[in-house]
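Asker: Just protein.txt, nothing more (compact mmCIF, C-alpha atoms):
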```
# COMPACT_ATOMS: atom_id res chain seq x y z
CA MET W 2 18.28 23.30 6.22
CA SER W 3 14.95 22.61 4.58
CA ASP W 4 12.52 25.42 3.82
CA ASN W 5 9.34 24.05 5.40
CA ARG W 6 6.81 26.15 3.51
CA VAL W 7 3.90 24.17 4.89
CA SER W 8 4.06 22.88 8.47
CA ARG W 9 3.46 19.28 9.35
CA ARG W 10 0.01 18.35 10.57
CA SER W 11 -1.35 14.95 11.41
CA VAL W 12 -4.44 14.36 9.31
CA LEU W 13 -6.78 11.59 10.34
CA ALA W 14 -9.49 11.20 7.73
CA THR W 15 -12.77 10.71 9.55
CA GLY W 16 -16.37 11.39 8.70
CA ALA W 17 -19.85 11.58 10.08
CA ALA W 18 -21.23 8.54 8.27
CA GLY W 19 -22.81 6.03 10.60
CA VAL W 20 -22.92 2.30 10.32
CA GLY W 21 -26.65 1.70 10.33
CA ALA W 22 -26.16 -0.45 7.22
CA ALA W 23 -22.66 -1.52 8.18
CA LEU W 24 -22.93 -5.04 6.89
CA ALA W 25 -25.17 -4.35 3.94
CA GLY W 26 -22.33 -5.43 1.67
CA CYS W 27 -21.51 -8.65 3.53
CA SER W 28 -21.67 -11.98 1.77
CA GLY W 29 -23.11 -14.88 3.71
CA GLY W 30 -24.44 -15.17 7.25
CA GLY W 31 -23.03 -15.42 10.73
CA GLY W 32 -21.36 -18.22 12.63
CA GLY W 33 -18.12 -18.77 14.49
CA GLY W 34 -14.75 -18.49 12.80
CA SER W 35 -13.08 -21.64 14.12
CA SER W 36 -11.53 -24.77 12.65
CA GLU W 37 -14.83 -26.57 13.44
CA SER W 38 -16.83 -24.18 11.27
CA ASP W 39 -18.20 -25.28 7.91
CA THR W 40 -16.62 -22.23 6.27
CA ILE W 41 -13.51 -20.13 6.59
CA LYS W 42 -14.40 -16.53 7.30
CA ILE W 43 -12.48 -13.69 5.71
CA GLY W 44 -13.12 -9.99 6.28
CA VAL W 45 -12.21 -7.49 3.57
CA LEU W 46 -12.61 -3.81 4.46
CA GLU W 47 -11.56 -1.79 1.42
CA ASP W 48 -12.80 1.64 0.33
CA GLN W 49 -15.40 1.27 -2.39
CA SER W 50 -16.51 4.92 -2.01
CA GLY W 51 -15.09 8.17 -0.66
CA ASN W 52 -11.69 9.81 -1.13
CA PHE W 53 -9.78 6.52 -1.45
CA SER W 54 -12.25 4.64 -3.65
CA LEU W 55 -10.00 4.79 -6.72
CA VAL W 56 -7.35 2.75 -4.93
CA GLY W 57 -9.62 0.79 -2.61
CA THR W 58 -11.99 -0.60 -5.22
CA PRO W 59 -9.26 -2.51 -7.13
CA LYS W 60 -8.12 -4.00 -3.80
CA TRP W 61 -11.66 -5.19 -3.09
CA ARG W 62 -12.05 -6.58 -6.62
CA ALA W 63 -8.78 -8.50 -6.49
CA SER W 64 -9.72 -9.94 -3.08
CA LYS W 65 -13.02 -11.21 -4.46
CA LEU W 66 -11.23 -12.60 -7.53
CA ALA W 67 -8.80 -14.61 -5.39
CA ILE W 68 -11.56 -15.85 -3.07
CA GLU W 69 -13.78 -16.90 -5.97
CA GLU W 70 -10.89 -18.72 -7.65
CA ILE W 71 -10.04 -20.53 -4.43
CA ASN W 72 -13.67 -21.49 -3.81
CA ASP W 73 -14.04 -22.71 -7.41
CA ASN W 74 -11.00 -24.94 -6.86
CA GLY W 75 -12.18 -26.61 -3.68
CA GLY W 76 -11.65 -23.90 -1.09
CA ILE W 77 -9.15 -24.14 1.77
CA MET W 78 -8.84 -27.60 3.29
CA GLY W 79 -12.07 -28.44 1.50
CA LYS W 80 -13.94 -25.53 3.09
CA GLN W 81 -15.46 -22.62 1.20
CA ILE W 82 -14.44 -19.08 2.06
CA GLU W 83 -17.24 -16.92 3.44
CA LEU W 84 -16.60 -13.25 2.64
CA PHE W 85 -17.61 -10.24 4.73
CA ASP W 86 -16.95 -7.04 2.78
CA PRO W 87 -18.92 -3.93 3.86
CA ASP W 88 -17.78 -0.60 2.44
CA PRO W 89 -15.88 1.54 5.02
CA GLN W 90 -16.43 4.59 2.75
CA SER W 91 -12.94 6.03 3.40
CA ASP W 92 -14.07 6.88 6.93
CA ASN W 93 -11.76 5.89 9.79
CA GLN W 94 -14.49 5.96 12.43
CA ARG W 95 -16.49 3.56 10.30
CA TYR W 96 -13.38 1.40 9.88
CA GLN W 97 -13.08 1.11 13.65
CA GLN W 98 -16.72 0.14 14.05
CA LEU W 99 -16.62 -2.40 11.25
CA THR W 100 -13.36 -3.89 12.50
CA GLU W 101 -14.92 -4.41 15.93
CA ARG W 102 -17.96 -6.04 14.37
CA LEU W 103 -16.12 -8.35 12.00
CA ILE W 104 -13.86 -9.59 14.78
CA GLN W 105 -16.30 -9.81 17.68
CA GLN W 106 -19.57 -10.72 15.96
CA GLU W 107 -18.59 -12.35 12.67
CA GLU W 108 -15.43 -13.90 14.16
CA VAL W 109 -13.42 -13.67 10.95
CA ASP W 110 -10.41 -15.93 10.70
CA ALA W 111 -8.35 -13.28 8.91
CA LEU W 112 -8.83 -9.61 8.06
CA TRP W 113 -7.70 -7.45 5.15
CA ALA W 114 -8.37 -3.76 5.75
CA GLY W 115 -7.50 -0.24 4.75
CA TYR W 116 -5.63 1.87 2.25
CA SER W 117 -4.18 4.78 4.23
CA SER W 118 -1.70 4.55 7.08
CA ALA W 119 -4.10 6.68 9.11
CA THR W 120 -6.67 3.92 8.72
CA ARG W 121 -4.18 1.23 9.71
CA GLU W 122 -3.23 3.14 12.84
CA ALA W 123 -6.89 3.82 13.66
CA ILE W 124 -7.71 0.10 13.74
CA ARG W 125 -4.39 -1.35 14.92
CA PRO W 126 -5.24 -0.93 18.64
CA ILE W 127 -8.35 -3.05 18.01
CA ILE W 128 -6.32 -5.59 16.06
CA ASP W 129 -3.82 -5.89 18.90
CA ARG W 130 -6.42 -5.99 21.66
CA GLU W 131 -8.13 -8.90 19.91
CA ASP W 132 -4.90 -10.57 18.64
CA GLN W 133 -6.49 -10.60 15.18
CA LEU W 134 -4.54 -11.88 12.17
CA TYR W 135 -4.43 -8.81 9.92
CA PHE W 136 -3.02 -8.22 6.42
CA TYR W 137 -2.23 -4.63 5.43
CA THR W 138 -1.67 -4.54 1.68
CA THR W 139 -0.89 -0.92 0.78
CA GLN W 140 2.61 0.20 -0.06
CA TYR W 141 3.44 2.32 2.96
CA GLU W 142 6.01 4.30 4.95
CA GLY W 143 7.40 1.22 6.72
CA GLY W 144 8.44 0.49 10.27
CA VAL W 145 5.41 -1.41 11.61
CA ALA W 146 6.65 -4.27 13.79
CA ASP W 147 3.52 -5.87 15.20
CA LYS W 148 2.91 -9.51 16.10
CA ASN W 149 -0.56 -9.41 14.50
CA VAL W 150 0.10 -7.29 11.40
CA TYR W 151 1.53 -8.60 8.11
CA CYS W 152 2.51 -5.82 5.69
CA MET W 153 2.21 -7.07 2.12
CA GLY W 154 3.06 -3.93 0.16
CA PRO W 155 6.57 -2.54 -0.25
CA THR W 156 7.85 -0.01 2.24
CA ALA W 157 9.05 3.50 1.48
CA ARG W 158 12.61 2.21 1.91
CA GLN W 159 11.93 -0.26 -0.91
CA GLN W 160 9.99 2.03 -3.24
CA LEU W 161 11.95 5.22 -2.72
CA GLY W 162 15.13 3.17 -2.54
CA SER W 163 14.57 2.24 -6.18
CA VAL W 164 13.39 5.54 -7.68
CA VAL W 165 15.29 8.22 -5.70
CA PRO W 166 18.79 6.91 -6.61
CA TYR W 167 17.64 6.62 -10.23
CA MET W 168 16.44 10.24 -10.24
CA ILE W 169 19.66 11.48 -8.64
CA GLU W 170 21.80 9.64 -11.17
CA ASN W 171 19.82 10.92 -14.14
CA PHE W 172 18.69 14.42 -13.12
CA GLY W 173 20.76 15.86 -10.27
CA THR W 174 21.10 16.30 -6.52
CA ASP W 175 18.70 19.20 -5.67
CA ILE W 176 15.36 17.71 -4.56
CA TYR W 177 12.00 19.30 -3.76
CA THR W 178 9.51 17.03 -1.94
CA ILE W 179 5.74 17.46 -1.84
CA ALA W 180 3.89 14.91 0.27
CA ALA W 181 0.50 14.14 1.74
CA ASP W 182 0.20 15.66 5.20
CA TYR W 183 -0.31 12.62 7.39
CA ASN W 184 1.70 9.71 8.77
CA PHE W 185 2.50 8.12 5.41
CA GLY W 186 3.53 11.32 3.63
CA GLN W 187 5.56 12.66 6.52
CA LEU W 188 7.56 9.47 7.07
CA SER W 189 8.01 8.94 3.33
CA ALA W 190 9.44 12.45 3.11
CA ASP W 191 11.87 11.51 5.87
CA TRP W 192 12.95 8.50 3.84
CA VAL W 193 13.55 10.71 0.80
CA LYS W 194 16.00 12.72 2.93
CA VAL W 195 17.74 9.58 4.20
CA ILE W 196 18.10 8.02 0.76
CA ALA W 197 19.14 11.35 -0.77
CA GLN W 198 21.95 11.71 1.77
CA GLU W 199 23.07 8.13 1.12
CA ASN W 200 23.37 9.04 -2.57
CA GLY W 201 25.09 12.42 -2.26
CA ALA W 202 21.98 14.56 -2.72
CA SER W 203 19.78 16.71 -0.49
CA VAL W 204 16.17 17.76 -0.04
CA ASN W 205 16.30 21.54 -0.03
CA ASN W 206 12.54 22.19 0.08
CA GLU W 207 9.51 20.22 1.21
CA GLU W 208 5.78 20.85 1.51
CA PHE W 209 3.08 18.80 3.19
CA ILE W 210 -0.30 18.90 1.48
CA PRO W 211 -3.59 18.28 3.36
CA LEU W 212 -5.63 15.37 1.96
CA SER W 213 -8.52 17.78 1.31
CA ASN W 214 -6.44 20.10 -0.87
CA GLN W 215 -7.27 20.36 -4.59
CA ASN W 216 -5.62 23.68 -5.44
CA PHE W 217 -1.88 23.48 -6.06
CA GLY W 218 -1.24 26.97 -7.46
CA SER W 219 0.99 28.12 -4.62
CA THR W 220 2.87 24.80 -4.52
CA ILE W 221 3.57 24.97 -8.25
CA SER W 222 4.80 28.56 -7.90
CA ASN W 223 7.07 27.53 -5.04
CA ILE W 224 8.55 24.72 -7.13
CA GLN W 225 9.10 27.04 -10.10
CA ASP W 226 10.85 29.57 -7.84
CA ALA W 227 13.08 26.90 -6.28
CA ASP W 228 13.90 25.31 -9.69
CA PRO W 229 15.07 21.93 -8.28
CA ASP W 230 16.62 19.18 -10.38
CA PHE W 231 13.57 17.04 -9.72
CA VAL W 232 10.51 16.79 -7.50
CA MET W 233 9.49 13.84 -5.33
CA ALA W 234 5.67 13.87 -5.40
CA ILE W 235 4.18 11.64 -2.71
CA LEU W 236 0.52 12.48 -3.22
CA VAL W 237 -2.52 10.29 -2.46
CA GLY W 238 -6.29 10.21 -2.88
CA ASN W 239 -8.75 11.65 -5.37
CA ASN W 240 -8.20 15.26 -4.34
CA HIS W 241 -4.46 15.25 -4.95
CA SER W 242 -4.94 14.02 -8.53
CA SER W 243 -5.75 17.61 -9.50
CA PHE W 244 -2.06 18.48 -9.13
CA TRP W 245 -1.14 16.87 -12.44
CA ASN W 246 -3.38 18.86 -14.77
CA GLN W 247 -2.52 22.05 -12.88
CA ARG W 248 1.16 21.23 -13.28
CA THR W 249 0.69 20.86 -17.04
CA SER W 250 -1.32 24.08 -17.33
CA ALA W 251 1.40 25.98 -15.47
CA GLY W 252 4.11 24.61 -17.76
CA LEU W 253 5.96 22.91 -14.92
CA ASP W 254 8.17 20.46 -16.82
CA ILE W 255 10.60 19.43 -14.07
CA PRO W 256 11.01 15.60 -13.88
CA MET W 257 9.09 14.04 -11.00
CA GLY W 258 9.59 10.90 -8.98
CA THR W 259 6.88 9.20 -6.94
CA SER W 260 6.03 6.17 -4.86
CA THR W 261 2.26 6.57 -5.19
CA VAL W 262 1.08 8.20 -8.41
CA MET W 263 0.15 6.00 -11.41
CA ALA W 264 0.52 2.59 -9.78
CA GLN W 265 -2.20 3.31 -7.22
CA GLY W 266 -4.61 5.89 -8.66
CA TYR W 267 -3.76 5.18 -12.34
CA GLN W 268 -3.68 8.88 -13.18
CA HIS W 269 -1.93 8.06 -16.46
CA LYS W 270 -5.16 6.31 -17.53
CA ARG W 271 -7.61 8.84 -16.11
CA LEU W 272 -5.95 12.13 -17.02
CA GLU W 273 -5.35 13.48 -20.50
CA ALA W 274 -1.79 13.31 -21.78
CA PRO W 275 0.72 14.84 -21.20
CA ALA W 276 -0.24 15.41 -17.53
CA LEU W 277 2.06 12.60 -16.34
CA LYS W 278 4.92 13.31 -18.74
CA ASP W 279 8.33 12.50 -17.23
CA VAL W 280 6.95 10.98 -14.04
CA TYR W 281 9.05 8.11 -12.67
CA GLY W 282 7.67 5.75 -10.07
CA GLY W 283 9.22 3.12 -7.81
CA PHE W 284 6.68 0.29 -7.72
CA ASN W 285 6.41 -3.45 -7.23
CA TYR W 286 3.58 -3.60 -9.75
CA MET W 287 1.81 -1.83 -12.58
CA GLU W 288 -0.72 -3.31 -14.97
CA GLU W 289 1.70 -2.64 -17.85
CA ILE W 290 4.48 -5.00 -16.66
CA PRO W 291 5.26 -6.95 -19.87
CA THR W 292 5.40 -10.55 -18.57
CA ASP W 293 3.25 -13.57 -19.37
CA ARG W 294 2.20 -14.15 -15.79
CA ASN W 295 1.13 -10.53 -15.39
CA GLU W 296 -0.79 -10.57 -18.65
CA ASP W 297 -2.58 -13.68 -17.37
CA TYR W 298 -3.53 -11.91 -14.12
CA VAL W 299 -4.72 -8.79 -15.94
CA SER W 300 -6.81 -10.95 -18.29
CA ARG W 301 -8.48 -12.76 -15.38
CA TYR W 302 -9.03 -9.48 -13.54
CA TYR W 303 -10.84 -7.89 -16.49
CA ASP W 304 -12.75 -11.08 -17.28
CA ARG W 305 -14.20 -10.82 -13.77
CA TRP W 306 -14.49 -7.02 -13.76
CA PRO W 307 -14.98 -5.87 -17.40
CA ASP W 308 -15.62 -2.25 -16.39
CA ALA W 309 -12.64 -1.96 -14.03
CA GLY W 310 -10.50 1.09 -14.65
CA TYR W 311 -7.19 -0.48 -13.71
CA ALA W 312 -5.55 -3.38 -11.89
CA ASN W 313 -3.46 -1.27 -9.53
CA GLU W 314 -0.42 -1.94 -7.37
CA GLU W 315 -2.44 -2.79 -4.29
CA SER W 316 -4.72 -5.16 -6.17
CA VAL W 317 -1.93 -7.69 -6.60
CA ASN W 318 -0.95 -7.33 -2.94
CA ASN W 319 -4.47 -8.32 -1.90
CA TYR W 320 -4.52 -11.08 -4.50
CA PHE W 321 -1.28 -12.85 -3.62
CA SER W 322 -1.74 -12.43 0.14
CA ILE W 323 -5.08 -14.26 0.10
CA TYR W 324 -3.36 -17.15 -1.65
CA MET W 325 -0.54 -16.91 0.89
CA TYR W 326 -3.10 -17.16 3.68
CA LYS W 327 -4.56 -20.25 2.00
CA ASN W 328 -1.11 -21.86 1.88
CA ALA W 329 -0.44 -21.00 5.51
CA VAL W 330 -3.75 -22.46 6.73
CA GLU W 331 -3.17 -25.65 4.79
CA GLU W 332 0.36 -25.96 6.15
CA ALA W 333 -0.89 -25.34 9.69
CA GLY W 334 -3.81 -27.73 9.19
CA THR W 335 -6.11 -25.32 11.01
CA THR W 336 -7.50 -21.80 10.89
CA ASP W 337 -6.38 -21.23 14.50
CA GLN W 338 -4.85 -17.80 14.15
CA GLU W 339 -1.83 -18.38 16.35
CA ALA W 340 -0.98 -21.54 14.43
CA VAL W 341 -1.32 -19.70 11.11
CA LYS W 342 0.88 -16.86 12.39
CA GLU W 343 3.53 -19.40 13.38
CA VAL W 344 3.61 -20.70 9.81
CA LEU W 345 3.78 -17.17 8.38
CA ASN W 346 6.57 -16.26 10.80
CA SER W 347 8.74 -18.98 9.30
CA GLY W 348 8.55 -17.26 5.88
CA MET W 349 6.83 -18.24 2.64
CA GLU W 350 7.50 -18.16 -1.10
CA ILE W 351 4.83 -16.94 -3.52
CA THR W 352 5.53 -18.01 -7.10
CA GLY W 353 3.91 -18.57 -10.46
CA ASP W 354 0.55 -17.12 -11.45
CA LYS W 355 -0.34 -16.35 -7.83
CA SER W 356 2.24 -13.53 -7.87
CA PRO W 357 1.77 -11.34 -10.96
CA GLU W 358 4.75 -9.09 -10.12
CA GLY W 359 7.17 -12.05 -10.15
CA ASP W 360 8.38 -14.51 -7.53
CA ILE W 361 8.41 -12.93 -4.07
CA SER W 362 8.86 -14.03 -0.48
CA LEU W 363 7.59 -13.23 3.00
CA GLN W 364 10.34 -12.28 5.44
CA GLY W 365 8.69 -14.01 8.38
CA PRO W 366 10.64 -12.45 11.27
CA VAL W 367 9.61 -8.92 10.20
CA HIS W 368 6.18 -9.64 8.62
CA HIS W 369 7.15 -7.88 5.38
CA MET W 370 7.79 -8.92 1.78
CA THR W 371 10.81 -9.00 -0.47
CA HIS W 372 9.51 -7.39 -3.67
CA ASN W 373 10.48 -6.96 -7.31
CA MET W 374 10.95 -3.20 -7.45
CA ARG W 375 10.81 -1.39 -10.78
CA VAL W 376 11.37 2.18 -11.91
CA MET W 377 8.48 2.88 -14.27
CA LYS W 378 8.47 5.89 -16.60
CA CYS W 379 5.44 7.65 -18.07
CA ASP W 380 6.10 9.46 -21.35
CA ALA W 381 4.25 12.36 -23.01
CA ASP W 382 1.69 9.96 -24.51
CA HIS W 383 1.19 8.20 -21.15
CA ASN W 384 2.94 5.04 -22.28
CA ILE W 385 4.65 3.12 -19.47
CA THR W 386 8.12 1.60 -19.74
CA VAL W 387 10.30 -0.27 -17.25
CA GLU W 388 13.54 1.69 -16.77
CA ASP W 389 15.11 -0.37 -13.97
CA GLU W 390 14.29 -3.57 -12.05
CA ARG W 391 15.75 -5.30 -9.01
CA MET W 392 14.72 -7.40 -6.04
CA ILE W 393 14.73 -5.38 -2.81
CA PRO W 394 14.02 -6.91 0.62
CA GLU W 395 12.65 -5.04 3.60
CA GLN W 396 15.77 -3.63 5.21
CA PHE W 397 14.83 -1.13 7.92
CA LEU W 398 13.29 -3.51 10.48
CA SER W 399 15.43 -6.50 9.56
CA GLU W 400 18.83 -4.82 9.33
CA THR W 401 18.75 -1.37 10.92
CA VAL W 402 16.40 -2.05 13.85
CA GLY W 403 17.07 -5.79 14.13
CA ILE W 404 13.52 -7.05 14.70
CA ASP W 405 12.56 -10.71 15.09
CA LEU W 406 8.80 -11.13 15.52
CA SER W 407 9.19 -14.90 15.36
CA GLY W 408 11.41 -14.89 18.44
CA LYS W 409 12.68 -12.20 20.80
CA ASP W 410 10.16 -9.57 19.67
CA SER W 411 7.13 -11.88 19.44
CA GLU W 412 4.96 -9.56 21.55
CA LEU W 413 5.96 -6.30 19.86
CA GLU W 414 3.26 -3.83 18.73
CA LYS W 415 5.19 -0.75 17.57
CA GLN W 416 6.01 1.42 14.59
CA PHE W 417 9.64 2.47 14.23
CA THR W 418 10.49 5.67 12.36
CA PRO W 419 13.60 6.81 10.45
CA THR W 420 14.09 9.77 12.80
CA GLU W 421 15.01 7.27 15.53
CA TYR W 422 17.94 5.94 13.49
CA TYR W 423 19.00 8.53 10.89
CA ASP W 424 20.17 12.07 11.50
CA ALA W 425 19.10 13.11 7.99
CA ALA W 426 15.46 12.26 8.76
CA GLY W 427 15.35 14.77 11.58
CA GLU W 428 16.71 17.71 9.62
```
Show me the file's structure as structure tokens.
Answerer:
Amino acid sequence: MSDNRVSRRSVLATGAAGVGAALAGCSGGGGGGSSESDTIKIGVLEDQSGNFSLVGTPKWRASKLAIEEINDNGGIMGKQIELFDPDPQSDNQRYQQLTERLIQQEEVDALWAGYSSATREAIRPIIDREDQLYFYTTQYEGGVADKNVYCMGPTARQQLGSVVPYMIENFGTDIYTIAADYNFGQLSADWVKVIAQENGASVNNEEFIPLSNQNFGSTISNIQDADPDFVMAILVGNNHSSFWNQRTSAGLDIPMGTSTVMAQGYQHKRLEAPALKDVYGGFNYMEEIPTDRNEDYVSRYYDRWPDAGYANEESVNNYFSIYMYKNAVEEAGTTDQEAVKEVLNSGMEITGDKSPEGDISLQGPVHHMTHNMRVMKCDADHNITVEDERMIPEQFLSETVGIDLSGKDSELEKQFTPTEYYDAAGE
């Protein structure tokens, strides 16, 4: 039985900021978002300030890069993309208000929005009420089966399914999990237990850390007392970055696996070595992937944004999915959202320089991607190496649950969880 040192709480990050200047960051003017319009309207709501700005800003930059490239090359069906991109400021109430406005007043043809799963779940009722075509690009806990939502990042089953078996094989079977205390962290921790059991290991301790927490002294002491073979650290946001320097100061040298750190918040670039020594991540993308097509993407990213800190994992998910939307509209011959969804539901391949991580594909019936998953290691000097690489499809919805959003489940708007299907997740 797990020693739950910190109880689970659902944390919904909200704030008091209003939306008096909600569209101050919008590009272009109003007008209807239909196939008769002179432009194609895209909404991009990504955190450019607040707790998630480190991960949200690269997503926003990559979106603008893709849109500018497409516009410079003739647009979509000869039409220029008109971008609406106010800053939600990491505030879920603001996200809800901006989502309403972009759909109802600006009539965007497609929407990209949000880093955290709490944000996605805050706006998903609006998305479903309006039947809005919506791309969610963060790597996440998995399980969303929704006719309107297309999940572009890898799921926990994909990310943890690459790094957890690697950690077990190389370090041992006694696992300690620390995770962000909200939907994403809680369900990811459940997946660690499922994957551990599948590989002959067990999670013997777990803690859930509030998003506001910056002091990890008690957590580090608990880990030292437990002395596990390795730690799975599923931490997110600016505040949680403080764990790594505190870990180093305390002399905690236990190997650590992750599905979030480095690839998203690029702590290995921002923190002084050796804070991230012996951290292993399961990711579809990091800026350091040594391929020609990735080097080309990174070069274009920094040409456009010379002062950018990092081209993170989510940046490429925004980038390729905007090109995927372009392909789907051109195949449909219209921006009519139901027609575009029908094309997407049949599946699509993303290849060449439009997919910096490598060739990937959309699994249309489940609205998720097959990704190139890599185990990336950070050494004492914060150099990144690829330790393992393999293609992993989305498996939970497609195989375990048996979802088909292109057919029998075409009206579904639900998130499935591992506790519904795996005994280990409920322990």
Asker: Around all the atoms of region 130-146 of chain W listed in the file, with 3 Å of room on each side, what axis-aligned box do you get, giving centre and edge lengths in Å to one decimal, as lines of an AutoDock Vina configuration file?
Answerer:
```
center_x = 0.2
center_y = -3.8
center_z = 10.8
size_x = 22.6
size_y = 22.2
size_z = 27.7
```
Asker: Which residues come within 6 Å of Gly365 (chain W), counting only C-alpha atoms, excluding same-chain residues fewer than 4 positions away, as a list in words?
Answerer: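 Counting only the stated atoms, we get Leu345, Asn346, Ser347 and Gly348 of chain W.
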Asker: Find the residues near region 351-358 of chain W: any atom within 6 Å, counting all atoms listed in the file, skip ones fewer than 3 places away on the same chain, and give them as a list in words.
Answerer: Tyr286, Arg294, Asn295, Phe321, Ile361 and Ser362 of chain W
Asker: Since we have the selection now, will you write its residues out, keeping C-alpha atoms, as an mmCIF file, keeping the file's coordinate frame?
Answerer:
```cif
data_model
loop_
_atom_site.group_PDB
_atom_site.id
_atom_site.type_symbol
_atom_site.label_atom_id
_atom_site.label_comp_id
_atom_site.auth_asym_id
_atom_site.auth_seq_id
_atom_site.Cartn_x
_atom_site.Cartn_y
_atom_site.Cartn_z
ATOM 1 C CA TYR W 286 3.580 -3.600 -9.750
ATOM 2 C CA ARG W 294 2.200 -14.150 -15.790
ATOM 3 C CA ASN W 295 1.130 -10.530 -15.390
ATOM 4 C CA PHE W 321 -1.280 -12.850 -3.620
ATOM 5 C CA ILE W 361 8.410 -12.930 -4.070
ATOM 6 C CA SER W 362 8.860 -14.030 -0.480
#
```
Asker: What does the distance from CA of Phe85 (chain W) to CA of Ala119 (chain W) come to in Å, to one decimal?
Answerer: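 CA of Phe85 (chain W) sits 22.1 Å away from CA of Ala119 (chain W).
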Asker: Quick one: everything within 10 Å of Met233 (chain W), counting all atoms listed in the file, minus sequence neighbours fewer than 3 positions away in the same chain. Send it as a list in words.
Answerer: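 With the cut-off at 10 Å, the set is Leu161, Val164, Val165, Met168, Ile176, Tyr177, Thr178, Ile179, Ala180, Ala190, Val193, Val204, Glu207, Leu236, Pro256, Met257, Gly258, Thr259, Ser260, Val280, Tyr281 and Gly282 of chain W.
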Asker: Using Å and a single decimal, report how far CA of Glu400 (chain W) sits from CA of Gly144 (chain W).
Answerer: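 It comes out at 11.7 Å.
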Asker: Quick one: distance from CA of Tyr116 (chain W) to CA of Ser316 (chain W) in Å, one decimal?
Answerer: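 CA of Ser316 (chain W) lies at a distance of 11.0 Å from CA of Tyr116 (chain W).
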Asker: Quick one: residues within 8 Å of Gly186 (chain W), all atoms listed in the file counted, chain neighbours fewer than 3 positions away excluded, as a tab-separated table (two decimals) with C-alpha atoms, keeping the file's coordinate frame?
Answerer:
```tsv
chain	number	residue	atom	x	y	z
W	142	GLU	CA	6.01	4.30	4.95
W	180	ALA	CA	3.89	14.91	0.27
W	181	ALA	CA	0.50	14.14	1.74
W	182	ASP	CA	0.20	15.66	5.20
W	183	TYR	CA	-0.31	12.62	7.39
W	189	SER	CA	8.01	8.94	3.33
W	190	ALA	CA	9.44	12.45	3.11
W	209	PHE	CA	3.08	18.80	3.19
W	235	ILE	CA	4.18	11.64	-2.71
W	236	LEU	CA	0.52	12.48	-3.22
```
Asker: So which residues fall inside 12 Å of (0.9, 9.0, -15.7) if we count only C-alpha atoms? Mind giving them as a ChimeraX atom specification?
Answerer: /W:242,244-246,249,257-259,261-282,287,289,377-386
Asker: Could you write out that same residue set with C-alpha atoms as a PDB file, in the coordinates of the input?
Answerer:
```pdb
ATOM      1  CA  SER W 242      -4.940  14.020  -8.530  1.00  0.00           C
ATOM      2  CA  PHE W 244      -2.060  18.480  -9.130  1.00  0.00           C
ATOM      3  CA  TRP W 245      -1.140  16.870 -12.440  1.00  0.00           C
ATOM      4  CA  ASN W 246      -3.380  18.860 -14.770  1.00  0.00           C
ATOM      5  CA  THR W 249       0.690  20.860 -17.040  1.00  0.00           C
ATOM      6  CA  MET W 257       9.090  14.040 -11.000  1.00  0.00           C
ATOM      7  CA  GLY W 258       9.590  10.900  -8.980  1.00  0.00           C
ATOM      8  CA  THR W 259       6.880   9.200  -6.940  1.00  0.00           C
ATOM      9  CA  THR W 261       2.260   6.570  -5.190  1.00  0.00           C
ATOM     10  CA  VAL W 262       1.080   8.200  -8.410  1.00  0.00           C
ATOM     11  CA  MET W 263       0.150   6.000 -11.410  1.00  0.00           C
ATOM     12  CA  ALA W 264       0.520   2.590  -9.780  1.00  0.00           C
ATOM     13  CA  GLN W 265      -2.200   3.310  -7.220  1.00  0.00           C
ATOM     14  CA  GLY W 266      -4.610   5.890  -8.660  1.00  0.00           C
ATOM     15  CA  TYR W 267      -3.760   5.180 -12.340  1.00  0.00           C
ATOM     16  CA  GLN W 268      -3.680   8.880 -13.180  1.00  0.00           C
ATOM     17  CA  HIS W 269      -1.930   8.060 -16.460  1.00  0.00           C
ATOM     18  CA  LYS W 270      -5.160   6.310 -17.530  1.00  0.00           C
ATOM     19  CA  ARG W 271      -7.610   8.840 -16.110  1.00  0.00           C
ATOM     20  CA  LEU W 272      -5.950  12.130 -17.020  1.00  0.00           C
ATOM     21  CA  GLU W 273      -5.350  13.480 -20.500  1.00  0.00           C
ATOM     22  CA  ALA W 274      -1.790  13.310 -21.780  1.00  0.00           C
ATOM     23  CA  PRO W 275       0.720  14.840 -21.200  1.00  0.00           C
ATOM     24  CA  ALA W 276      -0.240  15.410 -17.530  1.00  0.00           C
ATOM     25  CA  LEU W 277       2.060  12.600 -16.340  1.00  0.00           C
ATOM     26  CA  LYS W 278       4.920  13.310 -18.740  1.00  0.00           C
ATOM     27  CA  ASP W 279       8.330  12.500 -17.230  1.00  0.00           C
ATOM     28  CA  VAL W 280       6.950  10.980 -14.040  1.00  0.00           C
ATOM     29  CA  TYR W 281       9.050   8.110 -12.670  1.00  0.00           C
ATOM     30  CA  GLY W 282       7.670   5.750 -10.070  1.00  0.00           C
ATOM     31  CA  MET W 287       1.810  -1.830 -12.580  1.00  0.00           C
ATOM     32  CA  GLU W 289       1.700  -2.640 -17.850  1.00  0.00           C
ATOM     33  CA  MET W 377       8.480   2.880 -14.270  1.00  0.00           C
ATOM     34  CA  LYS W 378       8.470   5.890 -16.600  1.00  0.00           C
ATOM     35  CA  CYS W 379       5.440   7.650 -18.070  1.00  0.00           C
ATOM     36  CA  ASP W 380       6.100   9.460 -21.350  1.00  0.00           C
ATOM     37  CA  ALA W 381       4.250  12.360 -23.010  1.00  0.00           C
ATOM     38  CA  ASP W 382       1.690   9.960 -24.510  1.00  0.00           C
ATOM     39  CA  HIS W 383       1.190   8.200 -21.150  1.00  0.00           C
ATOM     40  CA  ASN W 384       2.940   5.040 -22.280  1.00  0.00           C
ATOM     41  CA  ILE W 385       4.650   3.120 -19.470  1.00  0.00           C
ATOM     42  CA  THR W 386       8.120   1.600 -19.740  1.00  0.00           C
TER      43      THR W 386
END
```
